[in-house]
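Colleague: The structure that follows is given in the form of structure tokens.
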Amino acid sequence: MRKCLLGSTFLITAALLSTGFLAQAADDDLPAAAKTAMKKAATFYRHQVAVHGGYVYYYSPDLSRRLGEGVARPNQIWVQPPGTPTVGMAYLAAWRATRDDFYRDAAREAASALIPGQFSSGGWTNSVEIDPQQLGIAPLRQKDGNSTLDDGISQSAIQFMAQLDQALDFQDAAVHESAQAGLNGLLQAQFANGAFPQVWRGPAPSVQGKKASFPDYDWRTEGRIKNYWDMFTLNDGLAGTVTTTLLAAHVIYKDDKYLAAAAKLGDFLILAQLPEPQPAWSQQYNYDMQPIWARRFEPAAVTGSESQDVLETLLKIYHATGDKKYLEPIPRALAWLKRSQLPDGRLARYYELQTNKPLYMNRQGDTYSLTYDDSQLPSHYGWKVASRAAAIEAAYQAALAGGRGQEPGARSQEPGDRSQDAEVVRKIIAQLDDQGRWISTFAGEPLSGQPKFQPGEKYLHSGVFSRNLETLSEFLAATK
């Protein structure tokens, strides 16, 4: 059977896939099966799903419906994950595992769709409207607009462009120029104290660092700032995604300015830690380093989600720099995480300033009101998050014991028992249908952009495609 699989035709392998036979294949047969499944899935996504090389979040199985945050227009692609950069980076993972230029070419097509949407400030907004007449024409990049770090939008596009630039040996002028413009724009968006805004159109104003403090006014009714996106932002994992982008650029371009920018962000995170009794972090700060409101359902508060991201980011910066000052805030924040867990073990998204009571919202029409009651929460927002305190503490203790070791959540690179990986790979292969699709079924779970699916409805998900392609690529690379 091993000889058959390794030398089989596409039709034989497809038959094995359709019968689920490969779910029982021996481990030494799996690399060939994984490679075949990767090509089949990527061929469908590249040639049937892509629009001008770009992607959105979700598709109906017949591809008649395309959905991002809402219904996508015919020539519209999405930048925000899991859109075009996410798919592009999955193609690059497949190329690194196989050295098959099919995948690198697919990534290049995704880049050609993204480049026209890049603003003069270096970043992107959540989507791009493709003009088919402009494809393949190097843009002057003079279009003004709001480059955003919300939801990892510009971060994912910049990372993808830098990875592709490296894969093309820095020889594609349009890709290289886009990657450099994105990174230069990101550096210019950084405040003097190391913070980043949610949105930028040019260089950040010069704002000096000071230590975070609680507001000295009634934060419930005062101090709301209309342009909160110009302030210091940690919302939706910004610290982690920006740091990952900067550290990746440091590795790819071997330029210490990116490492310095990541360290500078770490310095801001140290300043932004609030004092006792809540030595954690807020979602948003004003220039006086006090927590502020963002959207009408995002109060000035201490946040469970962003605080965990900050701790993971500090560990990441410590591993990159070796500077133990980035570990110093962690014990106090871990103690706060532990004492703030809800009865079910989760964390509230928001905790009231100084009292540390879990804080929620009620909604009546377009009006939101603060409450301590979690029985009638609006469904469009994540009011509670899983606690990662145990994993963060383990990573912190490992850092103390072993110096610059593995960051939290990173996969071990040590050889060992790969039976669990093999089981995951078998499952991914078995779930691929005869057209090369991984089809999801909506079961009411939260989805990016909250598409209008009905329970039981089938759909294609760019996040699932990308994750499965990367998992198969990692497995294939590890078996070489």
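Ordering of the structure tokens sets the chain letters (A, B, ...); residue numbers start at 1 within each chain; ligands are numbered from 1 in the order shown.
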Skip region 243-250 of chain A itself and residues of its chain fewer than 3 positions away, then list as a ChimeraX atom specification all residues within 7 Å of it, counting only C-alpha atoms.

Modeller: /A:155,159,162,239-240,253-256,258-259,262

Colleague: Rounded to one decimal, what separation in Å do you get between CA of Gly463 (chain A) and CA of Val56 (chain A)?

Modeller: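 Atom-to-atom, CA of Gly463 (chain A) and CA of Val56 (chain A) are spaced 9.8 Å apart.
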
Colleague: Given the choices A:Gln284, A:Ser369, A:Gln273, A:Thr84, which gets closest to Arg220 (chain A) if the distance is worked out from only C-alpha atoms?

Modeller: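 Of all the options, A:Ser369 lies closest to Arg220 (chain A).
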
Colleague: Find the residues around region 198-203 of chain A up to 7 Å (only C-alpha atoms counted), leave out those fewer than 3 positions away in its own chain, and share them as a compact mmCIF listing (two decimals) with C-alpha atoms, in the first residue's frame.

Modeller:
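Written output follows (selection02.txt):
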# COMPACT_ATOMS: atom_id res chain seq x y z
CA SER A 121 0.44 55.93 5.26
CA GLY A 145 -6.99 56.81 4.10
CA ASN A 146 -7.18 55.37 7.59
CA SER A 147 -4.56 52.70 8.02
CA THR A 148 -5.80 50.53 10.88
CA LEU A 149 -4.38 48.11 13.43
CA ASP A 150 -7.86 47.02 14.49
CA GLN A 188 5.93 56.11 12.02
CA ALA A 189 2.62 55.27 13.72
CA TRP A 229 -8.83 55.58 17.78
CA ASP A 230 -6.09 58.26 17.94
CA THR A 233 -4.74 51.23 22.08

Colleague: Skipping near chain neighbours, those fewer than 5 positions away, what residues fall within 12 Å of Ser64 (chain A) using only C-alpha atoms, listed as a tab-separated table (two decimals) with all heavy atoms, in the first residue's frame?

Modeller:
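Output (result.tsv):
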chain	number	residue	atom	x	y	z
A	48	GLN	N	-10.93	28.47	-8.01
A	48	GLN	CA	-12.39	28.57	-7.97
A	48	GLN	C	-12.89	29.63	-6.99
A	48	GLN	O	-13.91	30.27	-7.25
A	48	GLN	CB	-13.00	27.20	-7.58
A	48	GLN	CG	-12.64	26.07	-8.51
A	48	GLN	CD	-13.13	26.30	-9.92
A	48	GLN	OE1	-14.22	26.80	-10.15
A	48	GLN	NE2	-12.30	25.93	-10.90
A	49	VAL	N	-12.20	29.83	-5.89
A	49	VAL	CA	-12.70	30.71	-4.84
A	49	VAL	C	-12.18	32.14	-4.99
A	49	VAL	O	-12.91	33.10	-4.76
A	49	VAL	CB	-12.32	30.14	-3.46
A	49	VAL	CG1	-12.76	31.09	-2.34
A	49	VAL	CG2	-12.95	28.76	-3.25
A	58	TYR	N	-16.09	34.04	4.16
A	58	TYR	CA	-16.99	32.90	4.02
A	58	TYR	C	-17.61	32.88	2.63
A	58	TYR	O	-17.79	33.91	1.98
A	58	TYR	CB	-18.14	32.99	5.05
A	58	TYR	CG	-17.69	33.26	6.45
A	58	TYR	CD1	-17.90	34.51	7.05
A	58	TYR	CD2	-17.05	32.28	7.20
A	58	TYR	CE1	-17.48	34.76	8.34
A	58	TYR	CE2	-16.63	32.53	8.49
A	58	TYR	CZ	-16.85	33.77	9.06
A	58	TYR	OH	-16.42	34.03	10.34
A	59	TYR	N	-17.98	31.65	2.23
A	59	TYR	CA	-18.61	31.44	0.92
A	59	TYR	C	-19.68	30.36	1.06
A	59	TYR	O	-19.52	29.41	1.83
A	59	TYR	CB	-17.59	30.93	-0.11
A	59	TYR	CG	-16.38	31.82	-0.29
A	59	TYR	CD1	-15.30	31.74	0.60
A	59	TYR	CD2	-16.30	32.72	-1.35
A	59	TYR	CE1	-14.19	32.56	0.44
A	59	TYR	CE2	-15.18	33.53	-1.52
A	59	TYR	CZ	-14.13	33.44	-0.62
A	59	TYR	OH	-13.02	34.25	-0.77
A	71	VAL	N	-22.13	41.28	3.27
A	71	VAL	CA	-22.10	40.71	1.93
A	71	VAL	C	-21.05	41.45	1.11
A	71	VAL	O	-21.04	42.68	1.04
A	71	VAL	CB	-23.48	40.81	1.26
A	71	VAL	CG1	-23.42	40.31	-0.18
A	71	VAL	CG2	-24.52	40.04	2.06
A	72	ALA	N	-20.14	40.70	0.51
A	72	ALA	CA	-19.06	41.30	-0.28
A	72	ALA	C	-19.54	41.63	-1.68
A	72	ALA	O	-20.28	40.85	-2.30
A	72	ALA	CB	-17.86	40.35	-0.35
A	73	ARG	N	-19.09	42.77	-2.18
A	73	ARG	CA	-19.40	43.14	-3.56
A	73	ARG	C	-18.57	42.28	-4.52
A	73	ARG	O	-17.57	41.67	-4.12
A	73	ARG	CB	-19.12	44.63	-3.77
A	73	ARG	CG	-20.08	45.52	-2.98
A	73	ARG	CD	-19.84	47.00	-3.27
A	73	ARG	NE	-18.57	47.45	-2.72
A	73	ARG	CZ	-18.38	47.87	-1.48
A	73	ARG	NH1	-19.38	47.86	-0.62
A	73	ARG	NH2	-17.19	48.29	-1.07
A	74	PRO	N	-18.95	42.24	-5.80
A	74	PRO	CA	-18.30	41.30	-6.74
A	74	PRO	C	-16.78	41.44	-6.82
A	74	PRO	O	-16.08	40.44	-7.00
A	74	PRO	CB	-18.96	41.63	-8.08
A	74	PRO	CG	-20.32	42.14	-7.71
A	74	PRO	CD	-20.12	42.91	-6.43
A	459	TYR	N	-21.09	26.00	4.63
A	459	TYR	CA	-20.34	27.13	4.10
A	459	TYR	C	-18.85	26.79	4.04
A	459	TYR	O	-18.37	25.84	4.69
A	459	TYR	CB	-20.56	28.39	4.95
A	459	TYR	CG	-20.07	28.29	6.37
A	459	TYR	CD1	-18.82	28.81	6.74
A	459	TYR	CD2	-20.83	27.67	7.36
A	459	TYR	CE1	-18.36	28.72	8.05
A	459	TYR	CE2	-20.38	27.58	8.67
A	459	TYR	CZ	-19.15	28.11	9.01
A	459	TYR	OH	-18.69	28.01	10.29
A	460	LEU	N	-18.10	27.56	3.25
A	460	LEU	CA	-16.65	27.48	3.21
A	460	LEU	C	-16.08	28.61	4.03
A	460	LEU	O	-16.63	29.72	4.04
A	460	LEU	CB	-16.14	27.60	1.77
A	460	LEU	CG	-16.69	26.61	0.74
A	460	LEU	CD1	-16.06	26.88	-0.63
A	460	LEU	CD2	-16.43	25.19	1.17

Colleague: Please report the interatomic distance between CA of Tyr228 (chain A) and CA of Leu377 (chain A) in Å with one decimal.

Modeller: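 CA of Leu377 (chain A) lies at a distance of 24.0 Å from CA of Tyr228 (chain A).
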
Colleague: What's the separation between CA of Thr479 (chain A) and CA of Ser466 (chain A), in Å to one decimal place?

Modeller: 20.1 Å

Colleague: Mind checking which residues fall within 7 Å of Tyr372 (chain A), counting only C-alpha atoms, ignoring those fewer than 4 positions away in the same chain, and posting them as a list in words?

Modeller: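 The filter keeps Pro358, Leu359 and Tyr360 of chain A.
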
Colleague: Taking the backbone alone, and naming residues the way the document does, which bits of region 227-417 of chain A are alpha helix (DSSP H) by DSSP, as a ChimeraX atom specification?

Modeller: /A:238-253,256-272,304-321,330-339,389-402

Colleague: Go through A:Asn356, A:Gln290, A:Ser305, A:Ser448 one by one, measure the shortest atom-to-atom distance of each to Tyr217 (chain A) using only C-alpha atoms, and give the residue with the smallest value.

Modeller: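 Comparing A:Asn356, A:Gln290, A:Ser305, A:Ser448 against Tyr217 (chain A), the winner is A:Gln290.
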
Colleague: Could you pull out the strand (DSSP E or B) residues of region 119-283 of chain A, going by DSSP on the backbone, and write them as a VMD selection string?

Modeller: chain A and resid 127 to 129 147 to 148 199 to 200 232 to 233 282

Colleague: Write the residues of the selection above to a file with C-alpha atoms, as a PDB file, in the first residue's frame.

Modeller:
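Listing of selection-v8.pdb after writing:
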ATOM      1  CA  SER A 127     -11.326  45.528   2.663  1.00  0.00           C
ATOM      2  CA  VAL A 128     -10.161  46.421  -0.839  1.00  0.00           C
ATOM      3  CA  GLU A 129     -12.319  47.201  -3.848  1.00  0.00           C
ATOM      4  CA  SER A 147      -4.560  52.695   8.022  1.00  0.00           C
ATOM      5  CA  THR A 148      -5.800  50.531  10.884  1.00  0.00           C
ATOM      6  CA  VAL A 199      -5.773  54.159  13.324  1.00  0.00           C
ATOM      7  CA  TRP A 200      -3.117  56.335  11.712  1.00  0.00           C
ATOM      8  CA  PHE A 232      -3.082  54.521  22.983  1.00  0.00           C
ATOM      9  CA  THR A 233      -4.738  51.226  22.083  1.00  0.00           C
ATOM     10  CA  SER A 282      -7.079  48.715  29.992  1.00  0.00           C
TER      11      SER A 282
END

Colleague: Would you mind listing what lies within 6 Å of Ala348 (chain A) as a PDB file with C-alpha atoms, in the first residue's frame, with only C-alpha atoms counted and same-chain residues fewer than 2 positions away left out?

Modeller:
ATOM      1  CA  GLY A 304      -9.376  40.314  31.032  1.00  0.00           C
ATOM      2  CA  TYR A 350     -14.351  44.192  31.644  1.00  0.00           C
ATOM      3  CA  PRO A 358     -17.215  42.245  36.554  1.00  0.00           C
ATOM      4  CA  LYS A 384     -16.430  36.718  28.797  1.00  0.00           C
TER       5      LYS A 384
END

Colleague: Excluding Arg346 (chain A) and residues on its chain fewer than 4 positions from it, collect all residues at most 6 Å away from it, counting only C-alpha atoms, and give them as a PyMOL selection string.

Modeller: chain A and resi 341-342+385-387

Colleague: Which residues of region 341-399 of chain A have any atom within 12 Å of an atom in region 314-321 of chain A when counting only C-alpha atoms, and what is the closest pair of atoms for each, with the distance in Å to one decimal? Order the rows by chain and rising number and write it as a tab-separated table.

Modeller:
residue	atom	partner	partner_atom	distance
A:Ala391	CA	A:Leu315	CA	11.8
A:Ile392	CA	A:Leu315	CA	8.7
A:Glu393	CA	A:Leu315	CA	10.5
A:Ala394	CA	A:Leu315	CA	11.2
A:Ala395	CA	A:Leu315	CA	7.9
A:Tyr396	CA	A:Leu315	CA	7.2
A:Gln397	CA	A:Leu315	CA	10.7
A:Ala398	CA	A:Leu315	CA	10.4
A:Ala399	CA	A:Leu315	CA	8.0
